[in-house]
Every structure is written in C-alpha cells, then in structure tokens.
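Report on one structure; see the data block that follows.
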Amino acid sequence: MKTKPNLKNAYDLKSPSDNIELYSSWADTYDIDFIDEMQYELHFHVASAFVSNGGRGLILDVGAGTGALAEALLNKAKFKIEATDISKEMLEVAKSKKFYKGSFLSDLTKEIPVDDDHYDGVVSSGTFTHGHVGPNAIHELIRITKPGGLIVISVNEKHWIALDFKSEVEKISKFIHKYTCEKISIYGKLSTHDHKDDEAIILTIIV
Ligand SMILES: C[S@@+](CC[C@H](N)C(=O)[O-])C[C@H]1O[C@@H](n2cnc3c(N)ncnc32)[C@H](O)[C@@H]1O
C-alpha cells in the first residue's frame with residue numbers, strides 16, 4: 001500500500017525508495033495541500049539568499065520537486081535554471097510549468113550525473129530534511145559548482161543537528177572560499193499546524 005502523502009510521513013522517510021514512493025503519490029496535490037495550506041516558505045528564503053549573495057548564470061535546483069524554488073527565483077530575476085529530483089512524477093509537474101531549461105533524475109545520496117565545475121550556482125529548498133539526504137551530499141554540490149560559484153541550500157534544523165551538518169561544513173570550509181549559516185522559519189507566521197514553529201538553516205557556500 002502506498003504511503004499517504006503528508007508532512008508527517010515525509011518526515012518519517014528513511015531511504016531513497018521511500019522518497020520515490022511518497023513523492024510519486026504527492027506530486028499532483030503537493031502545491032495545494034503542502035505549499036499553500038501549510039504556508040511553506042523555505043523556497044522564498046533560499047531564493048532571497050541566492051539573489052542577495054549575487055547568484056547568477058546556469059543554476060541547478062536539487063530536489064526541485066514541483067518547481068516552487070524556480071518560480072521564486074524567476075520572480076526576482078531572469079535566471080537559467082535546470083532541475084533534478086529523485087521523483088519522476090515531481091519532475092513532470094515541475095516541467096509542465098516551463099520554469100526549467102532542462103531536467104534529469106538523480107539521487108543525491110549518490111554521484112550526480114554532471115561534470116565537475118558545470119554550474120555557476122546550486123540551490124535547494126526542503127530536500128535536506130528528516131530522512132536520508134545528509135551532509136555528505138554537499139560534497140557533490142561543490143564538485144559540480146564552478147570555483148567562485150554560489151550554493152544556497154536549506155537544511156531542516158533538527159536534521160542539521162541529528163546528522164551533525166556543522167562538523168561536515170567545518171571540514172568542507174578548508175577547501176571552499178567561505179560559508180554562512182542563517183536560521184529561519186520554514187512556515188508562515190499565520191500557520192497553525194503542528195510544525196508551524198519548525199526552523200531551517202540556510203547554508204550559503206561560496207565555492
Ligand atoms: C519537500 S520536497 C521539496 C521540493 C521543492 N524543492 C520545494 O521547495 O517545494 C523534497 C524533494 O526532494 C526530493 N528528494 C528526496 N530525496 C531525494 C534524493 N535522494 N535525491 C534527489 N531528490 C530527492 C523529493 O522527491 C522531493 O521532490
């Protein structure tokens with residue numbers, strides 16, 4: 001039986017195959033019953049941080065989902081954005097919105113099928129959350145980003161602590177230009193659901 005698509009079950013996901021199953025059944029309603037009804041705002045924070053840190057050029061949105069982050073970015077400036085996600089169904093919804101110049105399937109727990117130094121920027125909202133995408137994946141994001149390029153990702157704060165992202169980022173800091181972390185709210189001020197106070201870290205890396 002398929003896992004019911006909702007935030008509680010998304011937070012319980014443990015493996016790439018769990019994610020594929022849940023998001024394949026969530027793709028058609030995700031924009032309404034998650035983004036709109038739960039007042040999800042992470043994509044706006046990531047887009048703002050990307051723009052305020054001078055993001056430009058060819059960008060990859062990892063764990064792009066239905067394209068919320070691309071829409072937030074394109075509302076701020078003309079970017080050239082590509083999408084990748086583990087869920088074919090989520091990517092199909094994203095592609096139908098025509099925000100992306102290209103898209104491909106990938107699993108962030110493995111090697112991303114892209115050459116070294118390919119992108120000027122990498123962004124991600126909502127993908128580094130409870131479940132399986134841990135701090136190791138940041139190495140791949142750095143590998144595919146040009147020197148001097150910009151990476152902005154959100155990491156759920158509890159996941160950041162549980163998987164000790166801080167230690168990994170400190171190790172990584174020796175071979176990047178610089179990084180910053182900022183804590184923000186994931187959901188809007190007027191939201192009333194059980195996770196309304198959840199927070200995330202916006203990790204900004206200049207490679
Ligand atoms: C909460 S959604 C976020 C989607 C979108 N970025 C947003 O802000 O609305 C998480 C997305 O990460 C994708 N995902 C989960 N595990 C993944 C993995 N191992 N590799 C690539 N994408 C993954 C899911 O399919 C889903 O589309």
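Here's how to read the names in the structure tokens: chain A, B, ... by the order shown, residue numbers from 1 in each chain, ligand numbers from 1 in the order shown.
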For chain A against ligand 1, with a cut-off of 7 Å and counting only C-alpha atoms and all ligand atoms, what is the closest atom pair and its distance in Å to one decimal for every residue that makes the cut, ordered by chain and number, as a tab-separated table?
residue	atom	partner	partner_atom_place_in_ligand_line	distance
A:Pro16	CA	ligand 1	19 (N)	5.0
A:Asn19	CA	ligand 1	15 (C)	5.3
A:Ile20	CA	ligand 1	25 (O)	6.0
A:Tyr23	CA	ligand 1	25 (O)	5.2
A:Ile35	CA	ligand 1	9 (O)	6.9
A:Leu42	CA	ligand 1	8 (O)	6.3
A:His43	CA	ligand 1	8 (O)	5.0
A:Val62	CA	ligand 1	22 (N)	6.5
A:Gly63	CA	ligand 1	12 (O)	3.8
A:Ala64	CA	ligand 1	6 (N)	4.1
A:Gly65	CA	ligand 1	27 (O)	3.3
A:Thr66	CA	ligand 1	5 (C)	6.1
A:Gly67	CA	ligand 1	5 (C)	6.1
A:Ala68	CA	ligand 1	9 (O)	5.0
A:Leu69	CA	ligand 1	8 (O)	5.6
A:Thr84	CA	ligand 1	21 (C)	6.8
A:Asp85	CA	ligand 1	22 (N)	3.9
A:Ile86	CA	ligand 1	21 (C)	4.0
A:Ser87	CA	ligand 1	25 (O)	4.4
A:Met90	CA	ligand 1	27 (O)	5.6
A:Ser106	CA	ligand 1	21 (C)	5.5
A:Asp107	CA	ligand 1	20 (N)	3.5
A:Leu108	CA	ligand 1	20 (N)	3.8
A:Thr109	CA	ligand 1	19 (N)	5.2
A:Ser124	CA	ligand 1	6 (N)	5.8
A:Ser125	CA	ligand 1	8 (O)	4.3
A:Gly126	CA	ligand 1	3 (C)	4.2
A:Thr127	CA	ligand 1	10 (C)	4.1
A:His132	CA	ligand 1	19 (N)	6.8
A:Val133	CA	ligand 1	19 (N)	5.7
Taking the DSSP assignment computed from this structure's backbone, write out as number ranges by chain all residues of chain A that belong to alpha helix (DSSP H). A: 7-11, 16-26, 30, 42-52, 68-74, 88-96, 137-143, 157-162, 165-172
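DSSP annotation of range 3-138 of chain A from backbone atoms: strand (DSSP E) residues are Leu58, Ile59, Leu60, Asp61, Val62, Lys80, Ile81, Glu82, Ala83, Thr84, Asp85, Gly102, Ser103, Phe104, Leu105, Tyr119, Asp120, Gly121, Val122, Val123, Ser124, Ser125, Gly126, Thr127 and Phe128 of chain A.
Ranking A:Lys166, A:Ala83, A:Asp194, A:Asp116 by their shortest atom-to-atom distance to Phe104 in chain A, with only C-alpha atoms included, puts A:Ala83 first.
Comparing the minimum interatomic distances between Ile32 in chain A and each of A:Thr204, A:Asn6, A:Ser167, A:Thr180, counting only C-alpha atoms, we find that A:Asn6 sits nearest.
In terms of minimum interatomic distance to Val46 in chain A, A:Lys76 ranks closest within A:His177, A:Lys76, A:Lys110, A:His193, counting only C-alpha atoms.
Coordinates place CA of Leu74 in chain A at a distance of 11.6 Å from CA of Phe50 in chain A.
Shortest atom-to-atom contact with Ser25 in chain A among A:Leu58, A:Leu105, A:Ile142, A:Val93: A:Val93, counting only C-alpha atoms.
Distance check against Asp164 in chain A using only C-alpha atoms: of A:Thr145, A:Pro135, A:Ala27, A:Ser191, the minimum falls on A:Pro135.
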